[in-house]
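Notes to accompany the following structure.
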Amino acid sequence: MFRKRHPPVGAMPGTLAMPQDAAPPVIHIMDYGPTHVEEQSGVAPEALPALLTRDSVTWVDVRGLGDERTLRAIGEALGMHALALEDVVNVPQRPKTEAYEGHLFLVVRMPEAEVRTFATEQVSLVLGPRFVVTFQEREGDVFEPVRARIRTGRGPIRRAGADYLGYALVDTVVDAYYPVLERVGDLVEALEEEVITAPTRPTLRRIYALKRTVQELRRTVWPHRDALAALLRDESPYLGASVRVYLRDTHDHAMQLLDVLENYRDTATGLLDVYLSSESNRTNEVMRLLTVVASIFIPLTFLAGVYGMNFEAMPELHSRIGYPVVLATMLLTALGMLAWFRRRGWLGTPEEPAAGPAHEVLEAYLPADERR
Amino acid sequence: MFRKRHPPVGAMPGTLAMPQDAAPPVIHIMDYGPTHVEEQSGVAPEALPALLTRDSVTWVDVRGLGDERTLRAIGEALGMHALALEDVVNVPQRPKTEAYEGHLFLVVRMPEAEVRTFATEQVSLVLGPRFVVTFQEREGDVFEPVRARIRTGRGPIRRAGADYLGYALVDTVVDAYYPVLERVGDLVEALEEEVITAPTRPTLRRIYALKRTVQELRRTVWPHRDALAALLRDESPYLGASVRVYLRDTHDHAMQLLDVLENYRDTATGLLDVYLSSESNRTNEVMRLLTVVASIFIPLTFLAGVYGMNFEAMPELHSRIGYPVVLATMLLTALGMLAWFRRRGWLGTPEEPAAGPAHEVLEAYLPADERR
Amino acid sequence: MFRKRHPPVGAMPGTLAMPQDAAPPVIHIMDYGPTHVEEQSGVAPEALPALLTRDSVTWVDVRGLGDERTLRAIGEALGMHALALEDVVNVPQRPKTEAYEGHLFLVVRMPEAEVRTFATEQVSLVLGPRFVVTFQEREGDVFEPVRARIRTGRGPIRRAGADYLGYALVDTVVDAYYPVLERVGDLVEALEEEVITAPTRPTLRRIYALKRTVQELRRTVWPHRDALAALLRDESPYLGASVRVYLRDTHDHAMQLLDVLENYRDTATGLLDVYLSSESNRTNEVMRLLTVVASIFIPLTFLAGVYGMNFEAMPELHSRIGYPVVLATMLLTALGMLAWFRRRGWLGTPEEPAAGPAHEVLEAYLPADERR
Amino acid sequence: MFRKRHPPVGAMPGTLAMPQDAAPPVIHIMDYGPTHVEEQSGVAPEALPALLTRDSVTWVDVRGLGDERTLRAIGEALGMHALALEDVVNVPQRPKTEAYEGHLFLVVRMPEAEVRTFATEQVSLVLGPRFVVTFQEREGDVFEPVRARIRTGRGPIRRAGADYLGYALVDTVVDAYYPVLERVGDLVEALEEEVITAPTRPTLRRIYALKRTVQELRRTVWPHRDALAALLRDESPYLGASVRVYLRDTHDHAMQLLDVLENYRDTATGLLDVYLSSESNRTNEVMRLLTVVASIFIPLTFLAGVYGMNFEAMPELHSRIGYPVVLATMLLTALGMLAWFRRRGWLGTPEEPAAGPAHEVLEAYLPADERR
Amino acid sequence: MFRKRHPPVGAMPGTLAMPQDAAPPVIHIMDYGPTHVEEQSGVAPEALPALLTRDSVTWVDVRGLGDERTLRAIGEALGMHALALEDVVNVPQRPKTEAYEGHLFLVVRMPEAEVRTFATEQVSLVLGPRFVVTFQEREGDVFEPVRARIRTGRGPIRRAGADYLGYALVDTVVDAYYPVLERVGDLVEALEEEVITAPTRPTLRRIYALKRTVQELRRTVWPHRDALAALLRDESPYLGASVRVYLRDTHDHAMQLLDVLENYRDTATGLLDVYLSSESNRTNEVMRLLTVVASIFIPLTFLAGVYGMNFEAMPELHSRIGYPVVLATMLLTALGMLAWFRRRGWLGTPEEPAAGPAHEVLEAYLPADERR
């Protein structure tokens, strides 16, 4: 479930609903320019104002949301609005962008680096003229490659401004959904295989769970698209024209993620239809067997019953050929009915008619990895 | 059902359809500034004009809609439009905001403070330059924390204007939906459990009731979002820029409530699918048992019938080994069919194939509280 | 069915497709000002031009569309466009508003005053600077209260202009849907009761009819909302600012009607789901009884069949205790199977598990009139 | 299927994919003014330029699209864009309007005059300052009444300009859908009757065909609405203000057609639901009969089987009253079960409970022609 | 599945994820003007800058994306943005248009020339003032007819500018979907035939595959429409007014493709309904046979059982006419039940009632190729 931690009803706006099990915040600093990189860990919040007014670009990475006093100190150092700070702490928030005086405020949801489990973590970004501040819920993120690019000076990042760093972080978060979607794609394929070859009860539960996962992913990615579109639309002094071009690209990626997810959703719905139909088909098969067995043996049993009657005057009973004749009649009746059932295709799975044009054309038009 | 009390067709606009069982209105006053707080109860409507023109912020809280004369007096004291007064009395109205000359008029629906029952009550707000008037259907509301903040002077409320008070009240109403959603969330989880472990007839009724409750909640929350968006969009002299920032936050909360409700709605639809499929599965199981029993015993009964025939010339009957041979044949037939049924997986619940990749991946991607 | 009477294909625009069984038009006049009211019936069309240019407000009420010559005369007296006159006669038209030079033209659909049958009648309004002309299909309308307000001089109507009269009539038409919706609401509740307690074949037909009625109502009310929104949006010299405020209220009422209808539609869909599921449940019950009876007696019959065989060498047959032992075996088998079936819950309706949290919470959240 | 004839992929734009079986184009001229009408048939394309520059209004009606050279000659005479000419020939095109320099270009789809078969034909209109050119696929159209109005001089057509002629033609095409919809309406009613009284297998195919027909009609009418809306929105020098008023009326007719079609679509969906439910109901009935027969006779047969056993020591067999007692027991058992089945309502169709309020209200609210 | 090759998460923007099995890029040049055509193959990237600044129109066709160094060289020669180059290489991208300084950038998806398999290939276009550069994934495309038009000088292409060439290429790509849709249309018809005459299990899989193919086609064509609309809307210096007219035509074609696809989608959904209903109908038939056989023989068997009882005192057994009377009773019972079943229409397929108006009207309104 998607639950928001919320302060008590009627609480003063800006009230921080501190997560109980949250780690205390640790501040990491990365300060760089074309010619230098400087990293610091465990910086005190009091040291921030001095750092943020430097000429170089400064990335303040706050990991952990567990201590109200520290967070308030950071917020004051940055001149953050009380509501923005509330959004940082009262996770989860919808991804969004908001323009405050002095900085842009962004909220995104970052999939965990380790893709075994689909969990997301809120990352809040404050983008000022010469600094970027990120708030993460806990240690561990997908930003390592960005840090590597800053350290080694590969690409334009060291020569660009704070807006480029902000873009790089948001872009990294959005791209981190690709591996997640790939795994969901594997699951879709496995389920497709399962539905067609061996559907069982748990298959339904899996399709249901797949649908929910895809829905959840869509709901997570969708507001990113909106937030990016708003960012591109609005005039903000903190985003240069060249970085806007890059952000348009990130926006395209979000669109593409949504395309793929829509595809998965339709596929999941289709799988459900096939599953339900295969289930009703199974009922049909069971019914057919019952009908075949009963239709053959019930008349025969009746015949046997007739000659089991105790009437004194039943001439057939005394005939030498009575018994063999009745047995033969029974055999012929059974064979006749079997033949009739076979002709109606009720014995065994109905055979597929020789593959006609429909089949061939279909094969031809299926995307390559659908053909089997 | 969502029924509006309406005056007779063709009635003069501004006709008040007084609720029959409504309590008579009681007026409570809270007048405050940075340095003082003054509370009064049971104020007469005639005293209002003097109170509303004071320099301090005045909150007039009218509880009960049961007396037309008093309400008209209040309306006149405030200079309210006849239609606005009609909207106050003819509950329920759709949540909305309307700009009148001299004041803003807002209608919101407040969930009851006591969340055991999901009932809502209309709160109408009139927001003027130095005052806020609230009309409630009856005693009892979710505003106690706001009153506490005014009394104790915590937060900016005492230093801010009437617009901030208006925001604080609307925000409190919107936030009051969070506990309601939480309880619906508990219900969703309980139903999910029930559908998967032990679906019964009443389960369907519960899913149906859940869907209706979620629909009703969506229809209640949705117009709040629209009203808040209209408030943010329109230029009103009664809302300061700083309060607009706060209202944007309230708007975000309404969006988030709708996100969660959409999630619940999809889940309820999914539950219905799973329920219906489990029902059809049960039919299948019943059919399978019948088929197994009938398919085994009908042929055997036929065999018994054959040797119950009274033909004179049936050599098997006179053989010493006839009886044991027939019994053995019957036993072998039964065992053979049982084996065949077992191979087709018709005996007992079909066993789940060893958990393959599909299962693992799925587990991995389910949000933590979905895994079981 | 919603059928429009239309002139032959390719007919000249402005061709009037006179309804065959329509009553001849009778003109009623109501002329009023702050100090006088004057009513006339059976006015000749030729007298209209003189009446319409008076200083007082004049309401010309034309009842019956049965005579082309008269209608054309009225149209000419009013300076109506040929197409507007066509819309008056070729009923039904979609509700709409159109601005012509010299007047506003409105089409609305009025539910019949007597709500036993849901039938609507087209009312076309021509709103000029000092007059309102209404065209009704036949005698009998919902405007009696408006006439009473004019006669008695209650409310602002006598002091206001023609635009207020136009508003009063449109508002009365829109409000006339409330009693209709109330009766549909009664029906929804009765059907809900029926579906849950005693669904029969006709229930399905009723749900289907309910859905169609609600659809029809939605399609009737929807264009009113659009027409009112267009009226509020467009600048028309024939509508004063104060009347616009009133029309906004009428627009809100239309929105509320649509809200309620959407609610009914969702409910009807939900009822269909519950009905279909209850039907499939009944099949299930029938199957279960068959399975229980057959599973118990088919094996026993087989056993009886075995000892009905005529083998000479069947030692059990000669034993004194053979018969009682077999009878006891049969009884034990039957009891054993009954016990097994009871354990699986196949006998009688499956008992509901003790009401757990799901139930309680649900009850709590159902709107009061849903709980039973 | 809705197939477009298209030139080979990559063909030069303006390539004409001449229909193979198309008739050669024949040009008919109608030239008229307030005081004269002149008709010519079989005009040569070379004569067109002279005709089109006359002062009177000229309607050039080209019937048949079978000769590329002639069409190109016409196109050049009119100064048509290569793409417009391509749209004329490569039928079917989506209905649309396009502004070219020197003329407006419209494409509409005309239902055939003879409504026995629902087939449509593309009519392309070129509307210039003093002329209208229509291209029809073949002889036979719905324009005869327009020609009659021109010849007899009824209505404003002879006094109006080319734009009015263009409007008259488009209006005639749109109105020609009314008889088509009327026949579909007859079909809807016949199917409704059929579904409720005697649904058979072919009923399903008919509902399916109805749905497709309605879909096809919607897809045909829909773009007309868009094209008309675009025409009303855009400023074109070739359309006078007074003709725009008429076109707004045509636009309203298209909207009304779509309303009716939406109604039919919903009805078709509802019919499908009722059909499917009646099918499942039939299965239910079959099952019930089987269950009743089997439940009554299987236990009786068992009883008979017991007394058919050949045990020596079965005291009942020797009693005089054994046989009558057993027969009586059998009879009582059978009657008891019949009574139980009757009480559960499994014998015969379940009787409808006495018509309660639900029924009455429903009847009351059904549009008159729904009641039966 | 629709999978995007993506560089590692957090990679520098502009990182090229080179396809592993991609062919090395080969550059083909076509340089032409009104009077000359010049073709070159295997041009080196270094030679491009000189070629692109010529006065004549130059089409640079790059086939294969397999070598990063070459592609970067081409990108630099064209002054392409790093992100545009990334979009060229990291296929598949969503079709789109983007305005960069110095050129327009377009991405489209080209169906393969050989329509046996539905596969698409990304074509990226860079449209500058005097040149068009196309990037294809591999050799083989649908552009041969365009090349022929350039070589032979047919049509306006040699006299027109680079924008016309760009249009010709995009138009060719969009038109290449027509043959694909035609084959899907064949498949739809074959499946329709199959569903109605002989539905088997694989039919369901085929319908499911058809739905997916249609969905995939819609998702592929849809963004082309958006991209073309954006191109028409935006002011770009690289597109002349006359070419915009042509592009509007291409946009219409995309709309038409989507119309047809929507039609196919609805048809596929309808086919699924018919298939599922025919499946449930088959269950019904099976049940009916079982019920008929069981209902006839179970009572007869019971009768035989009665006279197989071994009571001493059963007078009928000693009567001469006992046996024939019982046999006759059995025969009459069986015949009676058969007659009753026949009257209820349970034997054989239920006969269709004589074709009434419903049938005739339907036939009449079905598009010609639907009638059978």
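Here, A, B, ... name the chains of the structure tokens in the order displayed, residue numbers run from 1 inside each chain, and ligands are numbered from 1 in the same displayed order.
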At a cut-off of 10 Å, can you tabulate as a tab-separated table every residue of chain A near chain D together with its closest atom pair and the distance in Å to one decimal, using only C-alpha atoms and ordering rows by chain then number?
residue	atom	partner	partner_atom	distance
A:Gly305	CA	D:Gly305	CA	9.9
A:Gly308	CA	D:Gly308	CA	8.8
A:Met309	CA	D:Gly308	CA	9.1
A:Asn310	CA	D:Gly308	CA	9.5
May I have the residues within 8 Å of range 260-270 of chain C as a ChimeraX atom specification, using only C-alpha atoms and disregarding those fewer than 3 positions away in the same chain? /B:2-3,208,212 /C:181,185,188,207,210-211,214-215,217-218,256-257,273-274
Contacts of range 148-156 of chain B at 10 Å or less, counting only C-alpha atoms, minus same-chain residues fewer than 2 places along, as a count of residues only? 26
Mind listing the alpha helix (DSSP H) residues of range 217-322 of chain C, per DSSP on the backbone, as a PyMOL selection string? chain C and resi 217-233+241-306+315-318+322
Give me the residues near Val43 in chain E as a ChimeraX atom specification, where near means some atom within 9 Å (using only C-alpha atoms) and where sequence neighbours in that chain fewer than 4 positions away do not count. /E:26-29,47-48
Please dump the current selection as a short mmCIF file (atom, residue, chain, number, x, y, z; two decimals), in the first residue's frame; keep N, CA, C and O atoms.
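Written file, part.cif:
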data_model
loop_
_atom_site.label_atom_id
_atom_site.label_comp_id
_atom_site.auth_asym_id
_atom_site.auth_seq_id
_atom_site.Cartn_x
_atom_site.Cartn_y
_atom_site.Cartn_z
N VAL E 26 27.86 2.60 -43.23
CA VAL E 26 28.33 2.88 -44.58
C VAL E 26 27.58 4.12 -45.05
O VAL E 26 26.36 4.19 -44.90
N ILE E 27 28.30 5.08 -45.60
CA ILE E 27 27.68 6.36 -45.97
C ILE E 27 27.43 6.40 -47.48
O ILE E 27 28.35 6.20 -48.27
N HIS E 28 26.15 6.64 -47.83
CA HIS E 28 25.79 6.80 -49.24
C HIS E 28 25.39 8.24 -49.47
O HIS E 28 24.66 8.81 -48.67
N ILE E 29 25.81 8.82 -50.55
CA ILE E 29 25.50 10.22 -50.85
C ILE E 29 24.67 10.30 -52.12
O ILE E 29 24.93 9.58 -53.08
N ALA E 47 34.74 13.64 -45.34
CA ALA E 47 34.37 14.34 -46.57
C ALA E 47 33.02 15.06 -46.43
O ALA E 47 32.63 15.85 -47.30
N LEU E 48 32.27 14.81 -45.32
CA LEU E 48 30.91 15.34 -45.22
C LEU E 48 30.84 16.87 -45.18
O LEU E 48 30.04 17.47 -45.90
#
So that I can see what lies close to range 244-254 of chain E, please list as a PyMOL selection string the residues with an atom at most 9 Å from it, counting only C-alpha atoms and leaving out residues fewer than 5 positions away in the same chain. (chain D and resi 13+83+93-94+100) or (chain E and resi 164+167-168+170-171+174-175+221-222+224-226+228-229+231-232+239+259)
Could you write those residues out with N, CA and C atoms, as a JSON list (two decimals), in the first residue's frame?
[["chain", "number", "residue", "atom", "x", "y", "z"],
["D", 13, "PRO", "N", 3.83, 12.15, -54.26],
["D", 13, "PRO", "CA", 2.56, 12.67, -53.78],
["D", 13, "PRO", "C", 1.77, 13.23, -54.96],
["D", 83, "LEU", "N", -2.52, 17.52, -54.06],
["D", 83, "LEU", "CA", -2.93, 16.67, -52.95],
["D", 83, "LEU", "C", -4.45, 16.62, -52.84],
["D", 93, "GLN", "N", -11.39, 8.74, -48.05],
["D", 93, "GLN", "CA", -10.66, 9.65, -47.19],
["D", 93, "GLN", "C", -11.50, 9.92, -45.95],
["D", 94, "ARG", "N", -10.84, 10.38, -44.89],
["D", 94, "ARG", "CA", -11.59, 10.85, -43.71],
["D", 94, "ARG", "C", -12.30, 12.14, -44.09],
["D", 100, "TYR", "N", -7.36, 25.88, -49.06],
["D", 100, "TYR", "CA", -6.30, 26.10, -50.05],
["D", 100, "TYR", "C", -6.42, 27.53, -50.55],
["E", 164, "TYR", "N", 11.50, 19.26, -48.96],
["E", 164, "TYR", "CA", 10.64, 18.35, -49.72],
["E", 164, "TYR", "C", 11.19, 16.93, -49.66],
["E", 167, "TYR", "N", 10.23, 15.54, -46.38],
["E", 167, "TYR", "CA", 8.83, 15.15, -46.41],
["E", 167, "TYR", "C", 8.64, 13.84, -47.15],
["E", 168, "ALA", "N", 9.28, 13.72, -48.34],
["E", 168, "ALA", "CA", 9.10, 12.52, -49.16],
["E", 168, "ALA", "C", 9.50, 11.27, -48.38],
["E", 170, "VAL", "N", 9.62, 10.88, -44.97],
["E", 170, "VAL", "CA", 8.68, 10.62, -43.86],
["E", 170, "VAL", "C", 7.37, 10.06, -44.41],
["E", 171, "ASP", "N", 6.91, 10.65, -45.51],
["E", 171, "ASP", "CA", 5.67, 10.18, -46.11],
["E", 171, "ASP", "C", 5.78, 8.73, -46.56],
["E", 174, "VAL", "N", 5.46, 6.50, -43.52],
["E", 174, "VAL", "CA", 4.09, 6.37, -43.01],
["E", 174, "VAL", "C", 3.25, 5.51, -43.96],
["E", 175, "ASP", "N", 3.42, 5.74, -45.27],
["E", 175, "ASP", "CA", 2.64, 4.96, -46.22],
["E", 175, "ASP", "C", 3.01, 3.48, -46.19],
["E", 221, "VAL", "N", 2.30, 3.72, -34.41],
["E", 221, "VAL", "CA", 1.83, 4.77, -35.32],
["E", 221, "VAL", "C", 1.48, 6.05, -34.55],
["E", 222, "TRP", "N", 0.91, 5.87, -33.35],
["E", 222, "TRP", "CA", 0.42, 7.01, -32.59],
["E", 222, "TRP", "C", 1.44, 8.16, -32.46],
["E", 224, "HIS", "N", 3.86, 8.92, -34.26],
["E", 224, "HIS", "CA", 4.10, 9.57, -35.55],
["E", 224, "HIS", "C", 3.11, 10.71, -35.75],
["E", 225, "ARG", "N", 1.85, 10.42, -35.41],
["E", 225, "ARG", "CA", 0.84, 11.45, -35.54],
["E", 225, "ARG", "C", 1.20, 12.67, -34.70],
["E", 226, "ASP", "N", 1.59, 12.42, -33.45],
["E", 226, "ASP", "CA", 1.95, 13.52, -32.57],
["E", 226, "ASP", "C", 3.13, 14.30, -33.12],
["E", 228, "LEU", "N", 4.12, 14.56, -36.19],
["E", 228, "LEU", "CA", 3.73, 15.32, -37.38],
["E", 228, "LEU", "C", 2.91, 16.55, -37.00],
["E", 229, "ALA", "N", 2.03, 16.37, -36.01],
["E", 229, "ALA", "CA", 1.24, 17.52, -35.56],
["E", 229, "ALA", "C", 2.16, 18.60, -35.00],
["E", 231, "LEU", "N", 5.26, 19.13, -35.75],
["E", 231, "LEU", "CA", 5.98, 19.70, -36.89],
["E", 231, "LEU", "C", 5.13, 20.75, -37.59],
["E", 232, "LEU", "N", 3.83, 20.46, -37.75],
["E", 232, "LEU", "CA", 2.95, 21.40, -38.43],
["E", 232, "LEU", "C", 2.70, 22.64, -37.58],
["E", 239, "LEU", "N", 11.34, 24.36, -42.82],
["E", 239, "LEU", "CA", 10.18, 23.79, -43.54],
["E", 239, "LEU", "C", 9.45, 24.91, -44.27],
["E", 259, "ASP", "N", -7.38, 5.22, -37.41],
["E", 259, "ASP", "CA", -8.80, 4.87, -37.56],
["E", 259, "ASP", "C", -8.97, 3.38, -37.85]]
